[in-house]
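*Asks:* Next comes start-v6.tsv, TSV, C-alpha atoms and all ligand atoms:
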```
chain	number	residue	atom	x	y	z
I	294	MET	CA	88.21	76.55	104.19
I	295	SER	CA	91.29	77.38	102.11
I	296	PRO	CA	91.84	81.00	101.13
I	297	LEU	CA	91.15	82.00	97.53
I	298	LEU	CA	94.77	83.04	97.09
I	299	ASP	CA	97.61	81.83	99.26
I	300	VAL	CA	101.06	83.33	98.64
I	301	ARG	CA	103.65	81.33	100.58
I	302	ASP	CA	107.24	82.36	101.11
I	303	LEU	CA	107.48	84.00	97.69
I	304	THR	CA	110.91	85.15	96.60
I	305	ILE	CA	111.57	86.84	93.24
I	306	ALA	CA	115.18	87.48	92.25
I	307	PHE	CA	116.80	89.02	89.18
I	308	PRO	CA	120.34	88.37	87.91
I	309	GLN	CA	122.60	91.39	88.48
I	310	SER	CA	125.61	92.75	86.64
I	311	ARG	CA	128.83	93.29	88.60
I	312	ALA	CA	127.80	96.95	88.83
I	313	GLY	CA	124.62	95.90	90.65
I	314	ARG	CA	122.33	96.64	87.71
I	315	ALA	CA	119.57	94.24	86.70
I	316	LEU	CA	120.38	92.14	83.63
I	317	SER	CA	117.89	90.98	81.03
I	318	SER	CA	117.74	87.30	80.06
I	319	ALA	CA	119.67	88.21	76.87
I	320	GLN	CA	122.72	89.20	79.00
I	321	PRO	CA	123.67	86.15	81.04
I	322	ALA	CA	127.41	86.93	81.19
I	323	ALA	CA	129.37	88.43	84.11
I	324	THR	CA	126.58	88.00	86.63
I	325	VAL	CA	126.98	88.01	90.39
I	326	ALA	CA	124.46	86.41	92.75
I	327	PRO	CA	120.87	87.33	91.82
I	328	ALA	CA	119.33	90.03	94.00
I	329	ALA	CA	115.94	89.36	95.55
I	330	ALA	CA	113.36	92.07	94.84
I	331	VAL	CA	110.76	90.14	96.87
I	332	ARG	CA	111.88	88.13	99.89
I	333	GLY	CA	109.90	85.45	101.75
I	334	LEU	CA	106.56	87.14	101.17
I	335	SER	CA	103.45	85.40	102.56
I	336	PHE	CA	99.85	86.58	102.59
I	337	SER	CA	96.43	85.24	101.71
I	338	ILE	CA	93.15	86.59	100.37
I	339	GLU	CA	89.79	85.07	101.31
I	340	PRO	CA	86.93	84.85	98.78
I	341	GLY	CA	85.33	88.31	98.48
I	342	GLU	CA	88.03	89.97	100.58
I	343	VAL	CA	90.03	93.07	99.59
I	344	LEU	CA	93.67	93.07	100.63
I	345	GLY	CA	95.51	96.38	100.20
I	346	LEU	CA	99.21	96.10	99.34
I	347	VAL	CA	101.10	99.29	100.18
I	348	GLY	CA	104.70	100.43	99.90
I	349	GLU	CA	106.92	103.04	98.29
I	350	SER	CA	107.93	102.74	94.66
I	351	GLY	CA	110.39	99.87	94.18
I	352	SER	CA	109.17	97.82	97.15
I	353	GLY	CA	108.12	94.87	94.94
I	354	LYS	CA	104.36	95.35	94.67
I	355	SER	CA	104.04	95.12	90.88
I	356	ILE	CA	106.33	92.11	90.48
I	357	THR	CA	104.32	90.33	93.18
I	358	SER	CA	101.17	90.90	91.12
I	359	LEU	CA	102.94	89.82	87.93
I	360	ALA	CA	104.06	86.62	89.67
I	361	ILE	CA	100.42	85.85	90.52
I	362	MET	CA	99.40	86.48	86.90
I	363	GLY	CA	102.34	84.42	85.55
I	364	LEU	CA	103.61	87.49	83.67
I	365	LEU	CA	107.11	87.97	85.14
I	366	PRO	CA	109.96	88.40	82.63
I	367	PRO	CA	111.82	85.12	81.89
I	368	SER	CA	114.91	86.40	83.73
I	369	ALA	CA	113.04	86.35	87.09
I	370	ILE	CA	113.95	83.51	89.45
I	371	VAL	CA	110.89	82.59	91.51
I	372	THR	CA	110.70	80.35	94.57
I	373	GLY	CA	107.83	79.69	96.97
I	374	ASP	CA	104.26	78.86	96.14
I	375	ILE	CA	101.18	80.76	94.97
I	376	ILE	CA	98.03	78.67	95.38
I	377	PHE	CA	94.77	79.77	93.75
I	378	GLN	CA	91.52	77.95	94.52
I	379	ASN	CA	89.87	77.82	91.12
I	380	SER	CA	86.15	77.18	91.43
I	381	VAL	CA	84.84	74.68	88.89
I	382	GLN	CA	81.34	74.05	87.55
I	383	SER	CA	80.42	71.45	90.17
I	384	GLY	CA	80.82	74.20	92.78
I	385	ASP	CA	84.01	72.61	94.14
I	386	SER	CA	87.38	74.28	93.87
I	387	VAL	CA	90.69	72.98	92.58
I	388	ALA	CA	94.00	74.20	94.03
I	389	MET	CA	96.24	75.54	91.26
I	390	HIS	CA	99.93	76.21	91.94
I	391	LEU	CA	100.51	79.32	89.84
I	392	THR	CA	104.33	79.42	89.93
I	393	THR	CA	104.54	76.01	88.27
I	394	LEU	CA	101.35	75.97	86.18
I	395	PRO	CA	101.87	75.29	82.44
I	396	SER	CA	101.51	78.50	80.43
I	397	HIS	CA	98.36	77.36	78.56
I	398	GLN	CA	96.58	76.82	81.90
I	399	LEU	CA	97.76	80.21	83.16
I	400	ARG	CA	96.39	81.81	79.99
I	401	GLN	CA	93.02	80.17	80.69
I	402	LEU	CA	92.95	81.60	84.22
I	403	ARG	CA	94.06	85.09	83.19
I	404	GLY	CA	91.15	87.25	82.14
I	405	SER	CA	88.61	84.68	83.27
I	406	ARG	CA	89.22	83.65	86.92
I	407	ILE	CA	91.96	86.21	87.72
I	408	ALA	CA	91.91	89.63	86.05
I	409	MET	CA	94.12	92.67	86.34
I	410	ILE	CA	93.85	96.42	85.86
I	411	PHE	CA	96.81	98.78	85.65
I	412	GLN	CA	97.65	102.41	86.31
I	413	GLU	CA	97.51	103.59	82.72
I	414	PRO	CA	94.64	102.09	80.68
I	415	MET	CA	95.94	103.68	77.46
I	416	THR	CA	98.88	101.25	77.40
I	417	ALA	CA	96.55	98.25	77.73
I	418	LEU	CA	93.88	99.40	75.25
I	419	ASN	CA	94.28	99.08	71.49
I	420	PRO	CA	94.08	102.65	70.13
I	421	VAL	CA	92.64	101.64	66.74
I	422	MET	CA	89.83	99.38	67.98
I	423	ARG	CA	86.43	100.40	69.37
I	424	VAL	CA	86.31	99.83	73.14
I	425	GLY	CA	83.19	97.65	72.87
I	426	GLU	CA	85.00	95.33	70.45
I	427	GLN	CA	87.95	95.09	72.84
I	428	ILE	CA	85.70	94.02	75.70
I	429	ALA	CA	83.87	91.62	73.34
I	430	GLU	CA	87.25	90.09	72.43
I	431	ALA	CA	87.87	89.38	76.12
I	432	VAL	CA	84.50	87.57	76.19
I	433	LEU	CA	85.29	85.56	73.04
I	434	ALA	CA	88.72	84.56	74.38
I	435	HIS	CA	87.14	82.59	77.22
I	436	ASN	CA	83.59	81.67	76.12
I	437	ARG	CA	82.03	79.83	73.19
I	438	VAL	CA	79.49	82.48	72.30
I	439	SER	CA	78.51	84.28	69.10
I	440	LYS	CA	79.98	87.68	68.24
I	441	SER	CA	76.62	89.33	68.83
I	442	GLU	CA	76.34	87.74	72.29
I	443	ALA	CA	79.91	88.88	73.07
I	444	TRP	CA	78.97	92.43	72.02
I	445	ARG	CA	75.83	92.26	74.18
I	446	ARG	CA	77.94	91.20	77.19
I	447	ALA	CA	80.46	93.97	76.44
I	448	VAL	CA	77.70	96.59	76.52
I	449	GLU	CA	76.32	95.03	79.71
I	450	GLY	CA	79.85	95.18	81.20
I	451	MET	CA	80.02	98.88	80.40
I	452	ARG	CA	76.68	99.35	82.12
I	453	ASP	CA	78.07	97.47	85.18
I	454	VAL	CA	80.84	100.05	85.49
I	455	ALA	CA	78.28	102.89	85.31
I	456	ILE	CA	79.12	104.18	81.84
I	457	ALA	CA	76.11	106.18	80.70
I	458	ASP	CA	74.65	105.27	77.30
I	459	PRO	CA	76.86	102.16	76.95
I	460	GLU	CA	75.51	101.13	73.48
I	461	GLU	CA	76.76	104.42	72.07
I	462	ARG	CA	80.01	104.57	74.10
I	463	ALA	CA	80.93	101.00	73.08
I	464	ARG	CA	81.51	102.37	69.56
I	465	SER	CA	84.10	104.91	70.77
I	466	TYR	CA	87.84	104.62	70.31
I	467	PRO	CA	90.00	104.97	73.47
I	468	HIS	CA	91.25	108.48	72.58
I	469	GLN	CA	87.64	109.71	72.44
I	470	LEU	CA	87.21	108.89	76.16
I	471	SER	CA	88.49	110.68	79.28
I	472	GLY	CA	91.09	109.04	81.53
I	473	GLY	CA	88.44	108.09	84.08
I	474	MET	CA	86.19	106.64	81.38
I	475	ARG	CA	89.09	104.60	79.93
I	476	GLN	CA	89.77	103.19	83.40
I	477	ARG	CA	86.07	102.21	83.59
I	478	VAL	CA	86.45	100.43	80.23
I	479	MET	CA	89.49	98.55	81.59
I	480	ILE	CA	87.50	97.54	84.66
I	481	ALA	CA	84.60	96.41	82.44
I	482	MET	CA	87.03	94.29	80.42
I	483	ALA	CA	88.50	92.83	83.61
I	484	ILE	CA	85.18	91.85	85.17
I	485	VAL	CA	83.21	90.88	82.06
I	486	ASN	CA	84.05	87.18	82.56
I	487	ARG	CA	83.19	87.38	86.28
I	488	PRO	CA	86.65	86.70	87.78
I	489	GLN	CA	87.04	85.52	91.38
I	490	LEU	CA	90.08	87.73	91.92
I	491	LEU	CA	90.83	91.21	90.58
I	492	ILE	CA	94.35	92.57	90.87
I	493	ALA	CA	94.31	96.37	90.70
I	494	ASP	CA	97.83	97.83	90.43
I	495	GLU	CA	97.74	101.58	91.21
I	496	PRO	CA	94.39	101.85	89.35
I	497	THR	CA	93.75	105.47	90.37
I	498	THR	CA	97.29	106.91	90.53
I	499	ALA	CA	97.08	108.58	87.10
I	500	LEU	CA	93.67	110.16	87.80
I	501	ASP	CA	92.79	113.45	89.45
I	502	VAL	CA	91.35	113.34	92.96
I	503	THR	CA	87.61	113.55	92.10
I	504	ILE	CA	87.83	110.85	89.41
I	505	GLN	CA	90.01	108.77	91.74
I	506	GLN	CA	87.24	108.79	94.36
I	507	GLN	CA	84.66	107.78	91.73
I	508	ILE	CA	86.77	104.80	90.63
I	509	LEU	CA	87.29	103.74	94.27
I	510	ASP	CA	83.52	103.95	94.85
I	511	LEU	CA	82.96	101.89	91.69
I	512	LEU	CA	85.41	99.18	92.82
I	513	ASN	CA	83.65	99.08	96.20
I	514	ASP	CA	80.25	98.66	94.49
I	515	LEU	CA	81.56	95.94	92.18
I	516	ARG	CA	83.14	93.89	94.96
I	517	HIS	CA	79.82	93.78	96.79
I	518	LYS	CA	77.72	93.19	93.68
I	519	PHE	CA	79.89	90.35	92.34
I	520	GLY	CA	81.54	89.04	95.52
I	521	LEU	CA	84.87	89.97	93.97
I	522	ALA	CA	88.09	89.44	95.93
I	523	MET	CA	90.77	92.03	95.25
I	524	LEU	CA	94.45	92.63	95.64
I	525	PHE	CA	94.50	96.43	95.64
I	526	ILE	CA	97.99	97.84	95.18
I	527	SER	CA	98.97	101.44	95.86
I	528	HIS	CA	101.89	103.51	97.14
I	529	ASP	CA	99.25	105.56	98.98
I	530	LEU	CA	97.95	104.22	102.29
I	531	ALA	CA	95.08	106.73	102.26
I	532	VAL	CA	93.82	105.39	98.90
I	533	VAL	CA	94.08	101.80	100.12
I	534	SER	CA	92.02	102.66	103.19
I	535	HIS	CA	88.99	103.40	100.96
I	536	VAL	CA	88.70	99.81	99.74
I	537	ALA	CA	90.77	97.37	101.82
I	538	ASP	CA	89.58	95.05	104.59
I	539	ARG	CA	93.15	94.14	105.52
I	540	VAL	CA	96.42	95.85	104.67
I	541	ALA	CA	99.86	94.41	103.89
I	542	VAL	CA	102.73	96.92	104.08
I	543	MET	CA	105.82	96.05	102.02
I	544	TYR	CA	109.25	97.53	102.47
I	545	ALA	CA	112.20	96.73	100.16
I	546	GLY	CA	110.71	93.41	99.08
I	547	SER	CA	109.61	92.03	102.42
I	548	LEU	CA	106.48	92.31	104.48
I	549	ALA	CA	106.82	94.99	107.16
I	550	GLU	CA	103.32	94.65	108.59
I	551	LEU	CA	100.03	92.82	107.95
I	552	GLY	CA	96.72	93.25	109.72
I	553	ALA	CA	93.12	94.40	109.67
I	554	LYS	CA	92.75	97.94	108.34
I	555	ALA	CA	91.60	99.30	111.71
I	556	ASP	CA	94.66	97.79	113.48
I	557	ILE	CA	97.07	99.14	110.87
I	558	PHE	CA	95.57	102.63	111.20
I	559	HIS	CA	95.03	102.75	114.96
I	560	ALA	CA	97.79	100.53	116.34
I	561	PRO	CA	100.59	100.34	113.72
I	562	GLY	CA	103.33	97.97	114.87
I	563	HIS	CA	106.15	99.02	112.51
I	564	PRO	CA	108.02	102.36	112.39
I	565	TYR	CA	107.62	102.40	108.59
I	566	THR	CA	103.82	102.09	108.82
I	567	GLN	CA	103.84	104.82	111.47
I	568	GLY	CA	105.79	107.03	109.05
I	569	LEU	CA	103.33	106.35	106.23
I	570	LEU	CA	100.43	107.26	108.52
I	571	ARG	CA	102.09	110.52	109.59
I	572	ALA	CA	102.40	111.44	105.91
I	573	ILE	CA	98.61	111.29	105.37
I	574	PRO	CA	96.99	114.72	105.66
I	575	THR	CA	93.98	114.88	108.00
I	576	LEU	CA	91.43	117.62	108.71
I	577	GLN	CA	93.63	118.69	111.63
I	578	THR	CA	96.75	119.01	109.44
I	579	ASP	CA	98.08	122.56	109.24
I	580	ARG	CA	98.14	123.17	105.46
I	581	ALA	CA	100.75	125.88	105.91
I	582	LEU	CA	103.33	123.29	107.08
I	583	PRO	CA	104.96	120.70	104.81
I	584	LEU	CA	103.63	117.16	105.31
I	585	SER	CA	105.75	114.76	107.32
I	586	THR	CA	107.90	112.53	105.11
I	587	ILE	CA	110.16	109.59	105.92
I	588	GLU	CA	113.76	110.75	105.46
I	589	GLY	CA	115.87	108.76	102.98
I	590	ALA	CA	114.89	106.28	100.30
I	591	VAL	CA	114.26	102.53	99.83
I	592	PRO	CA	117.70	100.91	99.27
I	593	PRO	CA	118.33	99.36	95.82
I	594	ILE	CA	117.75	95.60	95.91
I	595	ALA	CA	121.40	94.80	95.18
I	596	GLN	CA	122.46	96.86	98.22
I	597	LEU	CA	120.06	95.70	100.91
I	598	PRO	CA	121.61	95.72	104.38
I	599	PRO	CA	121.87	92.28	106.04
I	600	GLY	CA	119.63	93.31	108.93
I	601	CYS	CA	116.35	95.18	108.96
I	602	PRO	CA	115.97	96.88	105.56
I	603	PHE	CA	114.37	99.93	107.25
I	604	GLU	CA	117.29	100.37	109.68
I	605	PRO	CA	119.04	103.26	107.82
I	606	ARG	CA	115.82	105.33	108.10
I	607	CYS	CA	114.58	104.17	111.49
I	608	SER	CA	114.60	106.35	114.60
I	609	HIS	CA	113.95	103.31	116.86
I	610	ARG	CA	116.96	101.28	115.65
I	611	ILE	CA	119.27	99.51	118.09
I	612	ASP	CA	122.58	97.70	117.40
I	613	ALA	CA	120.86	94.32	116.98
I	614	CYS	CA	118.81	95.66	114.02
I	615	VAL	CA	121.80	95.45	111.65
I	616	VAL	CA	122.55	91.76	112.29
I	617	GLU	CA	119.78	89.86	110.51
I	618	LEU	CA	116.32	90.34	108.99
I	619	PRO	CA	114.02	90.59	112.02
I	620	PRO	CA	111.17	88.06	112.25
I	621	LEU	CA	107.50	88.98	111.97
I	622	VAL	CA	106.15	89.41	115.51
I	623	GLU	CA	102.48	88.80	116.34
I	624	VAL	CA	101.40	92.11	117.85
I	625	GLY	CA	97.69	91.37	118.12
I	626	PRO	CA	95.07	88.99	116.77
I	627	GLU	CA	95.81	88.41	113.05
I	628	HIS	CA	98.26	91.34	113.20
I	629	TRP	CA	102.00	90.96	112.52
I	630	ALA	CA	104.86	93.46	112.32
I	631	ARG	CA	108.53	92.88	111.46
I	632	CYS	CA	109.90	94.92	114.36
I	633	PRO	CA	110.79	93.10	117.59
I	634	VAL	CA	112.23	96.34	119.02
I	635	LEU	CA	109.08	98.43	118.93
I	636	ASN	CA	106.90	95.56	120.00
I	637	SER	CA	108.98	94.31	122.90
I	638	ALA	CA	108.91	97.88	124.24
I	639	ARG	CA	105.12	97.85	123.94
I	640	ARG	CA	104.57	94.66	125.92
K	1	LIG	N1	112.44	93.18	84.80
K	1	LIG	C1	113.17	93.42	85.87
K	1	LIG	N2	114.49	93.10	85.87
K	1	LIG	C2	115.25	93.32	86.95
K	1	LIG	N3	114.80	93.85	88.10
K	1	LIG	C3	113.52	94.19	88.16
K	1	LIG	C4	112.62	93.99	87.07
K	1	LIG	N4	111.39	94.40	87.45
K	1	LIG	C5	111.52	94.85	88.70
K	1	LIG	N5	112.79	94.72	89.14
K	1	LIG	C6	113.29	95.07	90.48
K	1	LIG	O1	112.24	94.87	91.42
K	1	LIG	C7	112.05	96.03	92.20
K	1	LIG	C8	110.59	96.15	92.55
K	1	LIG	O2	109.85	96.50	91.40
K	1	LIG	P1	108.28	96.73	91.38
K	1	LIG	O3	107.58	95.49	91.77
K	1	LIG	O4	107.96	97.29	90.04
K	1	LIG	O5	108.07	97.84	92.51
K	1	LIG	P2	106.77	98.64	92.91
K	1	LIG	O6	105.62	98.16	92.07
K	1	LIG	O7	106.56	98.38	94.38
K	1	LIG	O8	107.09	100.08	92.65
K	1	LIG	C9	112.60	97.16	91.35
K	1	LIG	O9	113.10	98.21	92.12
K	1	LIG	C10	113.73	96.51	90.59
K	1	LIG	O10	114.89	96.53	91.39
K	2	LIG	S1	113.78	96.19	113.58
K	2	LIG	FE1	115.01	97.94	114.27
K	2	LIG	S2	115.52	99.11	112.42
K	2	LIG	FE2	113.88	97.67	111.91
K	2	LIG	S3	112.03	98.83	112.13
K	2	LIG	FE3	112.35	97.81	114.10
K	2	LIG	S4	113.56	99.25	115.33
K	2	LIG	FE4	113.63	99.97	113.22
K	3	MG	MG	104.41	99.22	90.70
```
As structure tokens - that is how I would like this structure written.
Ligand SMILES: Nc1ncnc2c1ncn2[C@@H]1O[C@H](COP(=O)(O)OP(=O)(O)O)[C@@H](O)[C@H]1O
Ligand code: SF4
Ligand SMILES: [Mg+2]
*Replies:*
Amino acid sequence: MSPLLDVRDLTIAFPQSRAGRALSSAQPAATVAPAAAVRGLSFSIEPGEVLGLVGESGSGKSITSLAIMGLLPPSAIVTGDIIFQNSVQSGDSVAMHLTTLPSHQLRQLRGSRIAMIFQEPMTALNPVMRVGEQIAEAVLAHNRVSKSEAWRRAVEGMRDVAIADPEERARSYPHQLSGGMRQRVMIAMAIVNRPQLLIADEPTTALDVTIQQQILDLLNDLRHKFGLAMLFISHDLAVVSHVADRVAVMYAGSLAELGAKADIFHAPGHPYTQGLLRAIPTLQTDRALPLSTIEGAVPPIAQLPPGCPFEPRCSHRIDACVVELPPLVEVGPEHWARCPVLNSARR
């Protein structure tokens, strides 16, 4: 069976100025070769599966999700394929190629078959409209139902995300709700049309730790209740571990490692993943000592080295690492890492 989402060799580039800064589409002059912010990225998501996408800020996670949603800025140059198996009424599915789909068809998919939630719900919610009406609007955008039926579904959606007294809360304005409650409203809006795929981009990053855990528990409940597949994006590997079945680690626009969560945590095959794991506090961590961090920073996309992008920060590097982008090496069943050095030493 085909996966629900199949991202194949995705590359996303942006035109650059001579100074190496990104240009908007309104500034076409004096450009040099576009710089790729995502390079040759491939992964898939099965129906009902949760794939965690992890990487430091600037590694290309959000633009990958925007490419899936068809929401990249017009200046982005996209190659590769993103195939979504859209299930139709007969129970069959139709393969849709999202990078080339006409915009009206993408609009139909967005908010119905594929939905997205972001880090800061306040930017996505209309401050002068009751939250129930905003969810009802999402219903009306994709279904031929009456306004009262849309309102009923909106209230039901708020109940699904465990908002107490949803009839009353549906009449609130966003500013009358807490951050955690607003994120629940966003999730209700995302799932009210029963999507097959939910993209969650740093959905808990702006929340404090207790609320964060509640939202992660809610997403776990919803995936089981509705058979929802998810692309769960976070810079925090510990957060991803609460929801993901498999984990994809991105570094400077390319995939560093991909595998089952247990393999990523117990047998990481890339020095970058190992560094991320060392940075997670455990019960044994001495709180008096600073947490381990990976020295250095992700290079800007216009200044990527020709070889392994992690080479400037890597303690395992050898001379060959600077020559070309290393290939992904199969380090176990369904487990790949882009580090031939570490993995030849292992064998
Ligand atoms: N609109 C844009 N124009 C030019 N470059 C962009 C744009 N959006 C993102 N980029 C580039 O893509 C890189 C990855 O961005 P992003 O996907 O937001 O990273 P992440 O979500 O992993 O923090 C950025 O560091 C930037 O170089
Ligand atoms: S390929 Fe070389 S530089 Fe890159 S992660 Fe492996 S050892 Fe480090
Ligand atoms: Mg981001």
*Asks:* Enumerate residues in contact with ligand MG 3 (chain K): an atom-to-atom distance of at most 9 Å, counting all atoms listed in the file. Format the result as a ChimeraX atom specification.
*Replies:* /I:349-356,358,412,494-495,526-528
*Asks:* Name the closest residue to I:Leu433 among the candidates I:Thr416, I:Asn486, I:Gln469, I:Ser637; distances are taken between atoms, counting only C-alpha atoms.
*Replies:* I:Asn486
*Asks:* Quick one: which chain I residues come within 12 Å of ligand LIG 2 (chain K), and what is the nearest atom pair for each with the distance in Å to one decimal, counting all atoms listed in the file, rows ordered by chain and ascending number, as JSON lines?
*Replies:*
```
{"residue": "I:Tyr544", "atom": "CA", "partner": "K:LIG2", "partner_atom": "S3", "distance": 10.1}
{"residue": "I:Ala545", "atom": "CA", "partner": "K:LIG2", "partner_atom": "FE2", "distance": 11.9}
{"residue": "I:Ser547", "atom": "CA", "partner": "K:LIG2", "partner_atom": "FE2", "distance": 11.8}
{"residue": "I:Leu548", "atom": "CA", "partner": "K:LIG2", "partner_atom": "S3", "distance": 11.5}
{"residue": "I:Ala549", "atom": "CA", "partner": "K:LIG2", "partner_atom": "S3", "distance": 8.2}
{"residue": "I:Glu550", "atom": "CA", "partner": "K:LIG2", "partner_atom": "S3", "distance": 10.3}
{"residue": "I:Pro561", "atom": "CA", "partner": "K:LIG2", "partner_atom": "S3", "distance": 11.6}
{"residue": "I:Gly562", "atom": "CA", "partner": "K:LIG2", "partner_atom": "FE3", "distance": 9.1}
{"residue": "I:His563", "atom": "CA", "partner": "K:LIG2", "partner_atom": "S3", "distance": 5.9}
{"residue": "I:Pro564", "atom": "CA", "partner": "K:LIG2", "partner_atom": "S3", "distance": 5.3}
{"residue": "I:Tyr565", "atom": "CA", "partner": "K:LIG2", "partner_atom": "S3", "distance": 6.7}
{"residue": "I:Thr566", "atom": "CA", "partner": "K:LIG2", "partner_atom": "S3", "distance": 9.4}
{"residue": "I:Gln567", "atom": "CA", "partner": "K:LIG2", "partner_atom": "S3", "distance": 10.2}
{"residue": "I:Gly568", "atom": "CA", "partner": "K:LIG2", "partner_atom": "S3", "distance": 10.8}
{"residue": "I:Pro598", "atom": "CA", "partner": "K:LIG2", "partner_atom": "S2", "distance": 10.6}
{"residue": "I:Pro599", "atom": "CA", "partner": "K:LIG2", "partner_atom": "FE2", "distance": 11.3}
{"residue": "I:Gly600", "atom": "CA", "partner": "K:LIG2", "partner_atom": "FE2", "distance": 7.8}
{"residue": "I:Cys601", "atom": "CA", "partner": "K:LIG2", "partner_atom": "FE2", "distance": 4.6}
{"residue": "I:Pro602", "atom": "CA", "partner": "K:LIG2", "partner_atom": "FE2", "distance": 6.7}
{"residue": "I:Phe603", "atom": "CA", "partner": "K:LIG2", "partner_atom": "FE2", "distance": 5.2}
{"residue": "I:Glu604", "atom": "CA", "partner": "K:LIG2", "partner_atom": "S2", "distance": 3.5}
{"residue": "I:Pro605", "atom": "CA", "partner": "K:LIG2", "partner_atom": "S2", "distance": 7.1}
{"residue": "I:Arg606", "atom": "CA", "partner": "K:LIG2", "partner_atom": "S2", "distance": 7.6}
{"residue": "I:Cys607", "atom": "CA", "partner": "K:LIG2", "partner_atom": "FE4", "distance": 4.6}
{"residue": "I:Ser608", "atom": "CA", "partner": "K:LIG2", "partner_atom": "FE4", "distance": 6.6}
{"residue": "I:His609", "atom": "CA", "partner": "K:LIG2", "partner_atom": "S4", "distance": 4.4}
{"residue": "I:Arg610", "atom": "CA", "partner": "K:LIG2", "partner_atom": "S4", "distance": 4.0}
{"residue": "I:Ile611", "atom": "CA", "partner": "K:LIG2", "partner_atom": "FE1", "distance": 5.9}
{"residue": "I:Asp612", "atom": "CA", "partner": "K:LIG2", "partner_atom": "FE1", "distance": 8.2}
{"residue": "I:Ala613", "atom": "CA", "partner": "K:LIG2", "partner_atom": "FE1", "distance": 7.4}
{"residue": "I:Cys614", "atom": "CA", "partner": "K:LIG2", "partner_atom": "FE1", "distance": 4.4}
{"residue": "I:Val615", "atom": "CA", "partner": "K:LIG2", "partner_atom": "S2", "distance": 7.3}
{"residue": "I:Val616", "atom": "CA", "partner": "K:LIG2", "partner_atom": "S1", "distance": 9.9}
{"residue": "I:Glu617", "atom": "CA", "partner": "K:LIG2", "partner_atom": "S1", "distance": 9.2}
{"residue": "I:Leu618", "atom": "CA", "partner": "K:LIG2", "partner_atom": "S1", "distance": 7.9}
{"residue": "I:Pro619", "atom": "CA", "partner": "K:LIG2", "partner_atom": "S1", "distance": 5.8}
{"residue": "I:Pro620", "atom": "CA", "partner": "K:LIG2", "partner_atom": "S1", "distance": 8.6}
{"residue": "I:Leu621", "atom": "CA", "partner": "K:LIG2", "partner_atom": "S1", "distance": 9.7}
{"residue": "I:Val622", "atom": "CA", "partner": "K:LIG2", "partner_atom": "S1", "distance": 10.4}
{"residue": "I:Ala630", "atom": "CA", "partner": "K:LIG2", "partner_atom": "FE3", "distance": 8.8}
{"residue": "I:Arg631", "atom": "CA", "partner": "K:LIG2", "partner_atom": "S1", "distance": 6.6}
{"residue": "I:Cys632", "atom": "CA", "partner": "K:LIG2", "partner_atom": "FE3", "distance": 3.8}
{"residue": "I:Pro633", "atom": "CA", "partner": "K:LIG2", "partner_atom": "S1", "distance": 5.9}
{"residue": "I:Val634", "atom": "CA", "partner": "K:LIG2", "partner_atom": "S4", "distance": 4.9}
{"residue": "I:Leu635", "atom": "CA", "partner": "K:LIG2", "partner_atom": "S4", "distance": 5.8}
{"residue": "I:Asn636", "atom": "CA", "partner": "K:LIG2", "partner_atom": "FE3", "distance": 8.3}
{"residue": "I:Ser637", "atom": "CA", "partner": "K:LIG2", "partner_atom": "FE3", "distance": 10.1}
{"residue": "I:Ala638", "atom": "CA", "partner": "K:LIG2", "partner_atom": "S4", "distance": 10.1}
```
*Asks:* To one decimal place, how far is atom CA of I:Arg423 from atom CA of I:Tyr466 in Å?
*Replies:*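 According to the coordinates, atom CA of I:Arg423 and atom CA of I:Tyr466 are separated by 4.5 Å.
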*Asks:* Using only C-alpha atoms and all ligand atoms, pick whichever of I:Asp299, I:Asp529, I:Asp556, I:Asp385 has the shortest atom-to-atom distance to ligand LIG 1 (chain K).
*Replies:* I:Asp529
*Asks:* Padding 8 Å on each side, edges along x, y and z: where is the centre of the box around the listed atoms of ligand LIG 1 (chain K), and how long are its edges in Å to one decimal? Output it as JSON.
*Replies:*
```
{"center_x": 110.4, "center_y": 96.6, "center_z": 89.6, "size_x": 25.6, "size_y": 23.0, "size_z": 25.6}
```
*Asks:* Using all atoms listed in the file, can you tell me which of I:Val331, I:Ile456, I:Met523, I:Val448 comes closest to ligand LIG 1 (chain K)?
*Replies:*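 The closest residue to ligand LIG 1 (chain K) is I:Val331.
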*Asks:* Can you tell me how far atom CA of I:Val387 sits from atom CA of I:Leu297, in Å to one decimal?
*Replies:*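 About the pair atom CA of I:Val387 and atom CA of I:Leu297: they are 10.3 Å apart.
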*Asks:* Report the distance between atom CA of I:Thr498 and atom CA of I:Met415 in Å, rounded to one decimal place.
*Replies:* 13.5 Å
*Asks:* From the set I:Gly589, I:Gly404, I:Gly348, I:Gly625, which residue has the shortest atom-to-atom contact distance to ligand LIG 1 (chain K), counting only C-alpha atoms and all ligand atoms?
*Replies:*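 Comparing I:Gly589, I:Gly404, I:Gly348, I:Gly625 against ligand LIG 1 (chain K), the winner is I:Gly348.
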*Asks:* Which one is closest to I:Val381: I:Ala572, I:Ile428, I:Val542, I:Leu402? Count only C-alpha atoms.
*Replies:*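 Smallest distance to I:Val381 is found for I:Leu402.
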*Asks:* List the spatial neighbours of I:Val533 as number ranges by chain - criterion: any atom at most 10 Å away, only C-alpha atoms, same-chain residues fewer than 3 positions off excluded.
*Replies:* I: 343-347, 495, 509, 525-530, 536-540, 554
